[in-house]
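A.B. asks: Just run06.cif, nothing more (mmCIF, C-alpha atoms):
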data_input
#
loop_
_atom_site.label_atom_id
_atom_site.label_comp_id
_atom_site.auth_asym_id
_atom_site.auth_seq_id
_atom_site.Cartn_x
_atom_site.Cartn_y
_atom_site.Cartn_z
CA MET A 1 18.77 -1.30 0.05
CA LYS A 2 17.45 2.07 -1.13
CA PHE A 3 13.80 3.10 -1.48
CA ALA A 4 12.19 5.63 -3.78
CA VAL A 5 9.22 7.52 -2.34
CA ILE A 6 7.30 8.71 -5.39
CA VAL A 7 5.80 12.20 -5.23
CA PHE A 8 2.83 12.99 -7.47
CA PRO A 9 0.99 16.31 -7.74
CA GLY A 10 -1.42 16.00 -4.82
CA SER A 11 0.53 13.45 -2.76
CA ASN A 12 0.12 14.23 0.94
CA CYS A 13 1.53 11.15 2.67
CA ASP A 14 4.97 11.15 1.04
CA VAL A 15 6.56 12.71 4.14
CA ASP A 16 4.83 10.14 6.36
CA LEU A 17 6.28 7.28 4.29
CA MET A 18 9.74 8.83 4.32
CA TRP A 19 9.60 9.28 8.08
CA ALA A 20 8.46 5.68 8.59
CA ILE A 21 11.00 3.95 6.34
CA LYS A 22 13.99 6.24 6.96
CA ASP A 23 13.68 7.88 10.37
CA ILE A 24 11.91 5.08 12.22
CA MET A 25 13.17 1.97 10.42
CA GLY A 26 16.63 3.22 9.46
CA ALA A 27 16.54 2.40 5.74
CA GLU A 28 17.92 4.62 2.98
CA ALA A 29 15.30 6.50 0.98
CA GLU A 30 14.89 9.47 -1.35
CA TYR A 31 11.97 11.35 -2.87
CA VAL A 32 11.51 10.87 -6.62
CA ARG A 33 9.21 13.11 -8.64
CA HIS A 34 6.44 11.76 -10.85
CA ASP A 35 8.12 13.21 -13.96
CA ALA A 36 11.50 11.55 -13.37
CA ASP A 37 12.46 8.94 -15.95
CA SER A 38 14.73 6.64 -13.98
CA LEU A 39 14.80 4.58 -10.80
CA ALA A 40 18.35 3.41 -11.34
CA GLY A 41 20.02 2.65 -8.04
CA PHE A 42 16.78 2.01 -6.15
CA ASP A 43 15.82 -1.36 -4.70
CA GLY A 44 12.21 -0.66 -3.78
CA VAL A 45 9.34 1.76 -4.38
CA LEU A 46 6.81 3.34 -2.02
CA LEU A 47 3.68 5.01 -3.45
CA PRO A 48 2.06 7.38 -0.94
CA GLY A 49 -1.51 8.30 -0.21
CA GLY A 50 -3.09 11.58 -1.19
CA PHE A 51 -4.99 12.89 -4.19
CA SER A 52 -2.74 12.44 -7.21
CA TYR A 53 -3.74 14.94 -9.89
CA GLY A 54 -6.65 15.95 -7.66
CA ASP A 55 -8.51 12.68 -8.28
CA TYR A 56 -10.32 14.61 -10.99
CA LEU A 57 -10.78 11.52 -13.12
CA ARG A 58 -10.82 8.11 -11.40
CA CYS A 59 -8.46 7.86 -8.43
CA GLY A 60 -5.01 6.94 -9.73
CA ALA A 61 -6.10 6.93 -13.37
CA ILE A 62 -4.00 9.97 -14.34
CA ALA A 63 -1.04 9.13 -12.11
CA ARG A 64 -0.84 5.76 -13.84
CA PHE A 65 0.43 7.60 -16.95
CA SER A 66 3.15 9.55 -15.12
CA THR A 67 6.63 9.18 -16.61
CA ILE A 68 7.99 7.41 -13.53
CA MET A 69 5.41 4.61 -13.70
CA SER A 70 7.23 2.75 -16.47
CA GLU A 71 10.17 2.48 -14.07
CA VAL A 72 7.92 1.41 -11.20
CA ILE A 73 6.54 -1.34 -13.43
CA ARG A 74 10.08 -2.35 -14.41
CA LEU A 75 11.16 -2.73 -10.79
CA ALA A 76 8.01 -4.69 -10.00
CA ASN A 77 8.66 -7.05 -12.90
CA GLU A 78 12.22 -7.52 -11.63
CA GLY A 79 10.83 -8.77 -8.32
CA LYS A 80 11.72 -5.72 -6.27
CA PRO A 81 9.26 -4.59 -3.57
CA VAL A 82 6.61 -2.07 -4.56
CA PHE A 83 4.19 -0.84 -1.90
CA GLY A 84 1.24 1.49 -2.32
CA THR A 85 -0.99 2.80 0.45
CA CYS A 86 -4.38 4.47 -0.10
CA ASN A 87 -3.96 6.49 -3.34
CA GLY A 88 -0.86 4.36 -3.96
CA PHE A 89 -3.07 1.26 -3.92
CA GLN A 90 -5.43 2.93 -6.39
CA ILE A 91 -2.50 3.73 -8.69
CA LEU A 92 -1.26 0.13 -8.56
CA THR A 93 -4.65 -1.21 -9.68
CA GLU A 94 -4.94 1.41 -12.43
CA ALA A 95 -1.44 0.49 -13.64
CA GLY A 96 -2.37 -3.19 -13.80
CA LEU A 97 0.18 -4.22 -11.19
CA LEU A 98 -2.66 -5.45 -8.95
CA PRO A 99 -6.07 -6.83 -9.96
CA GLY A 100 -9.40 -5.22 -9.21
CA VAL A 101 -10.53 -1.63 -8.72
CA LEU A 102 -11.22 0.81 -5.90
CA GLN A 103 -14.69 2.37 -5.95
CA ARG A 104 -16.52 5.03 -3.94
CA ASN A 105 -17.15 4.02 -0.35
CA GLU A 106 -20.51 2.33 0.04
CA SER A 107 -21.64 5.17 2.32
CA LEU A 108 -20.49 7.77 -0.26
CA HIS A 109 -18.73 9.54 2.64
CA PHE A 110 -15.04 10.10 3.30
CA ILE A 111 -13.89 7.83 6.14
CA CYS A 112 -11.09 8.81 8.51
CA LYS A 113 -10.65 6.68 11.62
CA PRO A 114 -8.67 3.76 13.10
CA VAL A 115 -9.81 0.33 11.94
CA ARG A 116 -9.06 -3.22 13.03
CA LEU A 117 -7.52 -5.54 10.44
CA GLN A 118 -7.04 -9.28 10.25
CA VAL A 119 -3.52 -10.02 9.03
CA ASN A 120 -2.38 -12.83 6.76
CA ASN A 121 1.20 -13.22 7.96
CA GLN A 122 2.16 -15.67 5.20
CA THR A 123 3.57 -12.94 2.94
CA ALA A 124 6.87 -11.11 2.66
CA PHE A 125 5.21 -7.86 3.81
CA THR A 126 3.64 -9.33 6.96
CA SER A 127 5.86 -12.15 8.21
CA GLU A 128 6.73 -10.35 11.45
CA TYR A 129 3.10 -10.39 12.60
CA GLU A 130 1.68 -13.28 14.60
CA THR A 131 -0.63 -15.86 13.05
CA ASP A 132 -4.19 -14.51 12.88
CA GLN A 133 -3.07 -11.26 14.52
CA VAL A 134 -5.54 -8.37 14.55
CA ILE A 135 -3.96 -4.92 14.28
CA THR A 136 -5.17 -1.32 14.30
CA LEU A 137 -4.27 1.09 11.50
CA PRO A 138 -5.90 4.36 10.39
CA VAL A 139 -7.81 4.80 7.14
CA ALA A 140 -8.51 8.07 5.32
CA HIS A 141 -10.26 7.59 2.00
CA GLY A 142 -13.36 8.27 -0.04
CA GLU A 143 -12.77 5.55 -2.64
CA GLY A 144 -11.52 2.51 -0.78
CA ASN A 145 -14.25 0.06 -1.71
CA TYR A 146 -12.30 -2.83 -3.29
CA TYR A 147 -14.02 -4.83 -6.01
CA CYS A 148 -13.11 -7.61 -8.43
CA ASP A 149 -15.11 -10.25 -10.26
CA GLU A 150 -15.69 -13.70 -8.75
CA THR A 151 -13.04 -15.41 -10.89
CA THR A 152 -10.42 -12.89 -9.79
CA TYR A 153 -11.49 -13.24 -6.16
CA GLN A 154 -11.09 -17.02 -6.29
CA GLU A 155 -7.62 -16.54 -7.78
CA LEU A 156 -6.71 -14.15 -4.96
CA VAL A 157 -7.78 -16.74 -2.42
CA ALA A 158 -6.07 -19.65 -4.20
CA ASN A 159 -2.79 -17.74 -4.53
CA ASN A 160 -2.80 -16.37 -0.96
CA GLN A 161 -2.93 -12.79 -2.25
CA ILE A 162 -5.36 -11.34 0.28
CA VAL A 163 -3.10 -9.79 2.90
CA PHE A 164 -5.45 -7.67 5.02
CA ARG A 165 -9.18 -7.84 5.71
CA TYR A 166 -11.28 -5.36 7.68
CA GLU A 167 -12.67 -6.83 10.89
CA ASP A 168 -15.66 -4.53 10.37
CA ASN A 169 -16.19 -3.58 6.74
CA VAL A 170 -15.92 0.22 6.77
CA ASN A 171 -16.32 0.91 3.04
CA GLY A 172 -18.19 -1.96 1.42
CA SER A 173 -15.13 -3.78 0.08
CA LEU A 174 -15.71 -7.21 -1.41
CA HIS A 175 -15.28 -9.83 1.34
CA ASN A 176 -13.79 -7.15 3.65
CA ILE A 177 -10.61 -6.88 1.56
CA ALA A 178 -8.29 -4.11 2.77
CA GLY A 179 -5.06 -5.08 1.02
CA ILE A 180 -3.76 -7.51 -1.59
CA CYS A 181 -0.48 -8.51 -3.22
CA ASN A 182 0.39 -9.76 -6.69
CA LYS A 183 0.97 -13.44 -7.44
CA ALA A 184 4.75 -13.02 -7.12
CA GLY A 185 4.30 -11.46 -3.68
CA ASN A 186 6.49 -8.40 -4.27
CA VAL A 187 3.77 -5.81 -5.02
CA LEU A 188 1.31 -4.89 -2.27
CA GLY A 189 -1.47 -2.33 -2.09
CA MET A 190 -3.66 -1.50 0.88
CA MET A 191 -6.06 1.27 1.85
CA PRO A 192 -5.04 1.60 5.55
CA HIS A 193 -1.91 3.56 6.44
CA PRO A 194 0.84 1.59 8.27
CA GLU A 195 3.10 4.65 8.04
CA ARG A 196 0.70 6.50 10.33
CA ALA A 197 0.95 3.82 13.02
CA MET A 198 4.63 3.88 13.93
CA GLU A 199 4.50 5.31 17.46
CA SER A 200 2.19 4.82 20.42
CA LEU A 201 1.84 8.60 20.56
CA LEU A 202 -0.08 8.31 17.28
CA GLY A 203 -2.43 5.69 18.69
CA SER A 204 -0.73 2.52 17.42
CA GLU A 205 2.67 1.01 16.64
CA ASP A 206 1.14 -1.75 14.54
CA GLY A 207 2.66 -0.39 11.32
CA LYS A 208 6.23 -1.08 12.44
CA LYS A 209 6.05 -4.83 11.85
CA PHE A 210 4.84 -4.18 8.32
CA PHE A 211 7.99 -2.26 7.43
CA ALA A 212 10.14 -4.64 9.49
CA SER A 213 8.78 -7.53 7.38
CA LEU A 214 9.49 -5.66 4.16
CA LEU A 215 13.07 -4.91 5.16
CA LYS A 216 13.75 -8.40 6.51
CA ASN A 217 12.48 -10.24 3.45
CA PHE A 218 13.57 -7.97 0.62
CA GLY A 219 16.99 -6.79 1.69
CA LYS A 220 19.75 -6.61 4.25
CA VAL A 221 19.35 -3.26 5.93
CA PRO A 222 19.45 -2.18 9.60
CA VAL A 223 16.06 -2.55 11.27
CA ASN A 224 15.49 -0.29 14.23
CA GLY A 225 11.87 -1.32 14.80
#
Using the file provided, produce a representation of the structure as structure tokens.
C.D. replies:
Amino acid sequence: MKFAVIVFPGSNCDVDLMWAIKDIMGAEAEYVRHDADSLAGFDGVLLPGGFSYGDYLRCGAIARFSTIMSEVIRLANEGKPVFGTCNGFQILTEAGLLPGVLQRNESLHFICKPVRLQVNNQTAFTSEYETDQVITLPVAHGEGNYYCDETTYQELVANNQIVFRYEDNVNGSLHNIAGICNKAGNVLGMMPHPERAMESLLGSEDGKKFFASLLKNFGKVPVNG
């Protein structure tokens, strides 16, 4: 199983994702530029955090039109895993791969701190966590306030698509939502950063079970975590 870590102009967590999936978890991965036109040979996609195209329009709105996104959408439609953290989550909503939008934080301030999350472990990205487990991951965003209409929210609940909720709502997200997946369960976006919680030296190892779940459920690769 081979992962593509997509690099947009303004990405700043691409190295973190590469380190997490390749160096810590032992999977094969390569960087792929935003202007590449093929993801042939890749079995999964990771969209990093950062400020794609400077966030000069709406976060993720310009990146959504990058050449590589047609290939990301193709892999998602084929059932392959696609994961986006922070700006990656914003890009996934702008591309229509996940419902809803990410708005300015309710406080209108950038938030950078560890947060506690309630985990739904009944998904392919979280199966290695315990039932009702609460984990700690860092957030670093100015536009992480998740919103959708009531009909969409009820669909998310009915289809078990809400994967993470904030224990304390740091940004005003609807019903404390921190991360969701698509109906098929192979596309996941979240504002917190599991790739920044891979070693106790960094304050938490709670991100390791996220990547361990991904690798266990989407492919046969060595798992060192």
A.B. asks: Which residue is closest to Gln90 of chain A? Choose from A:Phe125, A:Tyr147, A:Phe210, A:Tyr153 and count all atoms listed in the file.
C.D. replies: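 Smallest distance to Gln90 of chain A is found for A:Tyr147.
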A.B. asks: Kindly provide, as a list in words, the polymer residues lying within 6 Å of (-3.3, 12.5, -12.3), counting all atoms listed in the file and using the coordinates exactly as they appear in the file.
C.D. replies: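 Checked against the point, the hits come out as Ser52, Tyr53, Ile62 and Ala63 of chain A.
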A.B. asks: Could you jot down the atom CA of Gln154 of chain A to atom CA of Ser213 of chain A separation for me, Å, one decimal place?
C.D. replies: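 Spanning atom CA of Gln154 of chain A to atom CA of Ser213 of chain A is a straight-line distance of 25.9 Å.
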A.B. asks: List, as a list in words, every residue that the PyMOL selection byres ((chain A and resi 114) around 6) selects in the file provided.
C.D. replies: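 For this structure, the PyMOL selection byres ((chain A and resi 114) around 6) captures Lys113, Val115, Leu137 and Pro138 of chain A.
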A.B. asks: Using atom CA of Met198 of chain A and atom CA of Lys80 of chain A as the two end points, give the distance in Å to one decimal.
C.D. replies: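 A separation of 23.5 Å between them.
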A.B. asks: Could you build a table of the residues in segment 53-98 of chain A lying no more than 9 Å from segment 163-180 of chain A, giving for each the nearest pair of atoms and their separation in Å rounded to one decimal place, using all atoms listed in the file, ordered by chain and ascending residue number, as a Markdown table?
C.D. replies:
| residue | atom | partner | partner_atom | distance |
| --- | --- | --- | --- | --- |
| A:Thr85 | CA | A:Gly179 | CA | 8.9 |
| A:Phe89 | CA | A:Gly179 | CA | 8.3 |
| A:Leu98 | CA | A:Ile180 | CA | 7.7 |
A.B. asks: Would you mind exporting the chosen residues as a PDB file, in the coordinates of the input, restricted to C-alpha atoms?
C.D. replies:
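New file part-v3.pdb:
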ATOM      1  CA  THR A  85      -0.990   2.800   0.450  1.00  0.00           C
ATOM      2  CA  PHE A  89      -3.070   1.260  -3.920  1.00  0.00           C
ATOM      3  CA  LEU A  98      -2.660  -5.450  -8.950  1.00  0.00           C
TER       4      LEU A  98
END
A.B. asks: Could you work out how far atom CA of Ala61 of chain A lies from atom CA of Ile91 of chain A, giving the answer in Å with one decimal?
C.D. replies: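 Between atom CA of Ile91 of chain A and atom CA of Ala61 of chain A the gap is 6.7 Å.
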A.B. asks: Would you give the centre and edge lengths, in Å to one decimal, of a box along x, y and z around the listed atoms of segment 129-132 of chain A, with 6 Å added to each side, as JSON?
C.D. replies:
{"center_x": -0.5, "center_y": -13.1, "center_z": 13.6, "size_x": 19.3, "size_y": 17.5, "size_z": 14.0}
A.B. asks: List, as number ranges by chain, every residue that the PyMOL selection byres ((chain A and resi 184) around 10) selects in the file provided.
C.D. replies: A: 76-77, 79, 159, 161, 181-183, 185-187
A.B. asks: Pull C-alpha atoms from the residues just selected and write them as a PDB file, in the coordinates of the input.
C.D. replies:
ATOM      1  CA  ALA A  76       8.010  -4.690 -10.000  1.00  0.00           C
ATOM      2  CA  ASN A  77       8.660  -7.050 -12.900  1.00  0.00           C
ATOM      3  CA  GLY A  79      10.830  -8.770  -8.320  1.00  0.00           C
ATOM      4  CA  ASN A 159      -2.790 -17.740  -4.530  1.00  0.00           C
ATOM      5  CA  GLN A 161      -2.930 -12.790  -2.250  1.00  0.00           C
ATOM      6  CA  CYS A 181      -0.480  -8.510  -3.220  1.00  0.00           C
ATOM      7  CA  ASN A 182       0.390  -9.760  -6.690  1.00  0.00           C
ATOM      8  CA  LYS A 183       0.970 -13.440  -7.440  1.00  0.00           C
ATOM      9  CA  GLY A 185       4.300 -11.460  -3.680  1.00  0.00           C
ATOM     10  CA  ASN A 186       6.490  -8.400  -4.270  1.00  0.00           C
ATOM     11  CA  VAL A 187       3.770  -5.810  -5.020  1.00  0.00           C
TER      12      VAL A 187
END
A.B. asks: Could you list the residues chosen by the PyMOL selection byres ((chain A and resi 87) around 12) in this structure as JSON, numbers by chain?
C.D. replies: {"A": [6, 7, 8, 9, 10, 11, 12, 13, 14, 46, 47, 48, 49, 50, 51, 52, 53, 54, 55, 58, 59, 60, 61, 62, 63, 64, 83, 84, 85, 86, 88, 89, 90, 91, 92, 93, 94, 101, 102, 103, 139, 140, 141, 142, 143, 144, 189, 190, 191, 192, 193]}
A.B. asks: Compile the contact shell of Asn120 of chain A as a PyMOL selection string: residues with an atom at most 9 Å away, counting only C-alpha atoms, same-chain residues fewer than 3 positions apart removed.
C.D. replies: chain A and resi 123+126-127+129-133+160+162-165
A.B. asks: Using all atoms listed in the file, which of A:Gly207, A:Pro194, A:Gly219, A:Pro81 sits nearest Leu97 of chain A?
C.D. replies: A:Pro81
A.B. asks: List as CSV every residue of segment 133-222 of chain A that is in contact with segment 25-36 of chain A, defined as an atom at most 12 Å from one of its atoms (using only C-alpha atoms), together with the nearest atom pair and the distance in Å rounded to one decimal, sorted by chain and then rising number.
C.D. replies:
residue,atom,partner,partner_atom,distance
A:Glu195,CA,A:Met25,CA,10.7
A:Met198,CA,A:Met25,CA,9.4
A:Glu199,CA,A:Met25,CA,11.7
A:Gly207,CA,A:Met25,CA,10.8
A:Lys208,CA,A:Met25,CA,7.8
A:Lys209,CA,A:Met25,CA,9.9
A:Phe210,CA,A:Met25,CA,10.6
A:Phe211,CA,A:Met25,CA,7.3
A:Ala212,CA,A:Met25,CA,7.3
A:Ser213,CA,A:Met25,CA,10.9
A:Leu214,CA,A:Met25,CA,10.5
A:Leu215,CA,A:Ala27,CA,8.1
A:Lys216,CA,A:Met25,CA,11.1
A:Phe218,CA,A:Ala27,CA,11.9
A:Gly219,CA,A:Ala27,CA,10.1
A:Lys220,CA,A:Ala27,CA,9.7
A:Val221,CA,A:Ala27,CA,6.3
A:Pro222,CA,A:Gly26,CA,6.1
A.B. asks: From the set A:Ala95, A:Leu117, A:Leu17, A:Ala124, which residue has the shortest atom-to-atom contact distance to Asn217 of chain A, counting all atoms listed in the file?
C.D. replies: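 Between A:Ala95, A:Leu117, A:Leu17, A:Ala124, the residue approaching Asn217 of chain A most closely is A:Ala124.
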A.B. asks: Please fill the gaps in segment 7-18 of chain A so it has all heavy atoms, and write that as a compact mmCIF listing (two decimals), in the coordinates of the input.
C.D. replies:
# COMPACT_ATOMS: atom_id res chain seq x y z
N VAL A 7 6.61 11.03 -5.55
CA VAL A 7 5.80 12.20 -5.23
C VAL A 7 5.03 12.64 -6.47
O VAL A 7 5.63 13.03 -7.48
CB VAL A 7 6.67 13.36 -4.72
CG1 VAL A 7 5.79 14.55 -4.34
CG2 VAL A 7 7.52 12.92 -3.53
N PHE A 8 3.71 12.54 -6.40
CA PHE A 8 2.83 12.99 -7.47
C PHE A 8 2.24 14.34 -7.11
O PHE A 8 2.20 14.71 -5.93
CB PHE A 8 1.67 11.99 -7.66
CG PHE A 8 2.10 10.61 -8.05
CD1 PHE A 8 2.30 9.63 -7.08
CD2 PHE A 8 2.29 10.28 -9.38
CE1 PHE A 8 2.68 8.35 -7.43
CE2 PHE A 8 2.68 9.00 -9.75
CZ PHE A 8 2.88 8.02 -8.77
N PRO A 9 1.74 15.10 -8.08
CA PRO A 9 0.99 16.31 -7.74
C PRO A 9 -0.24 15.92 -6.92
O PRO A 9 -1.10 15.18 -7.40
CB PRO A 9 0.58 16.87 -9.10
CG PRO A 9 1.55 16.27 -10.08
CD PRO A 9 1.86 14.92 -9.54
N GLY A 10 -0.32 16.38 -5.69
CA GLY A 10 -1.42 16.00 -4.82
C GLY A 10 -1.09 14.95 -3.79
O GLY A 10 -1.92 14.64 -2.93
N SER A 11 0.12 14.38 -3.83
CA SER A 11 0.53 13.45 -2.76
C SER A 11 0.54 14.21 -1.43
O SER A 11 0.98 15.36 -1.37
CB SER A 11 1.93 12.90 -3.02
OG SER A 11 1.96 12.07 -4.16
N ASN A 12 0.04 13.58 -0.37
CA ASN A 12 0.12 14.23 0.94
C ASN A 12 0.60 13.30 2.04
O ASN A 12 0.60 13.67 3.21
CB ASN A 12 -1.22 14.88 1.32
CG ASN A 12 -2.34 13.88 1.55
OD1 ASN A 12 -2.12 12.67 1.59
ND2 ASN A 12 -3.55 14.39 1.69
N CYS A 13 1.00 12.08 1.68
CA CYS A 13 1.53 11.15 2.67
C CYS A 13 2.97 10.75 2.35
O CYS A 13 3.49 9.80 2.93
CB CYS A 13 0.66 9.90 2.75
SG CYS A 13 -1.04 10.24 3.26
N ASP A 14 3.59 11.47 1.41
CA ASP A 14 4.97 11.15 1.04
C ASP A 14 5.92 11.37 2.22
O ASP A 14 6.83 10.57 2.46
CB ASP A 14 5.41 11.95 -0.18
CG ASP A 14 4.98 13.40 -0.13
OD1 ASP A 14 3.96 13.71 0.52
OD2 ASP A 14 5.65 14.24 -0.75
N VAL A 15 5.71 12.43 2.99
CA VAL A 15 6.56 12.71 4.14
C VAL A 15 6.35 11.65 5.22
O VAL A 15 7.31 11.21 5.87
CB VAL A 15 6.28 14.12 4.70
CG1 VAL A 15 7.07 14.37 5.98
CG2 VAL A 15 6.62 15.19 3.66
N ASP A 16 5.12 11.19 5.39
CA ASP A 16 4.83 10.14 6.36
C ASP A 16 5.59 8.86 6.02
O ASP A 16 6.18 8.20 6.89
CB ASP A 16 3.33 9.83 6.40
CG ASP A 16 2.47 11.04 6.68
OD1 ASP A 16 2.49 11.97 5.86
OD2 ASP A 16 1.76 11.04 7.70
N LEU A 17 5.57 8.48 4.73
CA LEU A 17 6.28 7.28 4.29
C LEU A 17 7.79 7.43 4.48
O LEU A 17 8.46 6.50 4.92
CB LEU A 17 5.97 6.97 2.83
CG LEU A 17 4.73 6.12 2.54
CD1 LEU A 17 4.53 5.97 1.04
CD2 LEU A 17 4.85 4.74 3.20
N MET A 18 8.31 8.60 4.15
CA MET A 18 9.74 8.83 4.32
C MET A 18 10.13 8.72 5.79
O MET A 18 11.14 8.10 6.13
CB MET A 18 10.10 10.21 3.76
CG MET A 18 11.58 10.56 3.89
SD MET A 18 12.67 9.48 2.90
CE MET A 18 12.36 10.13 1.26
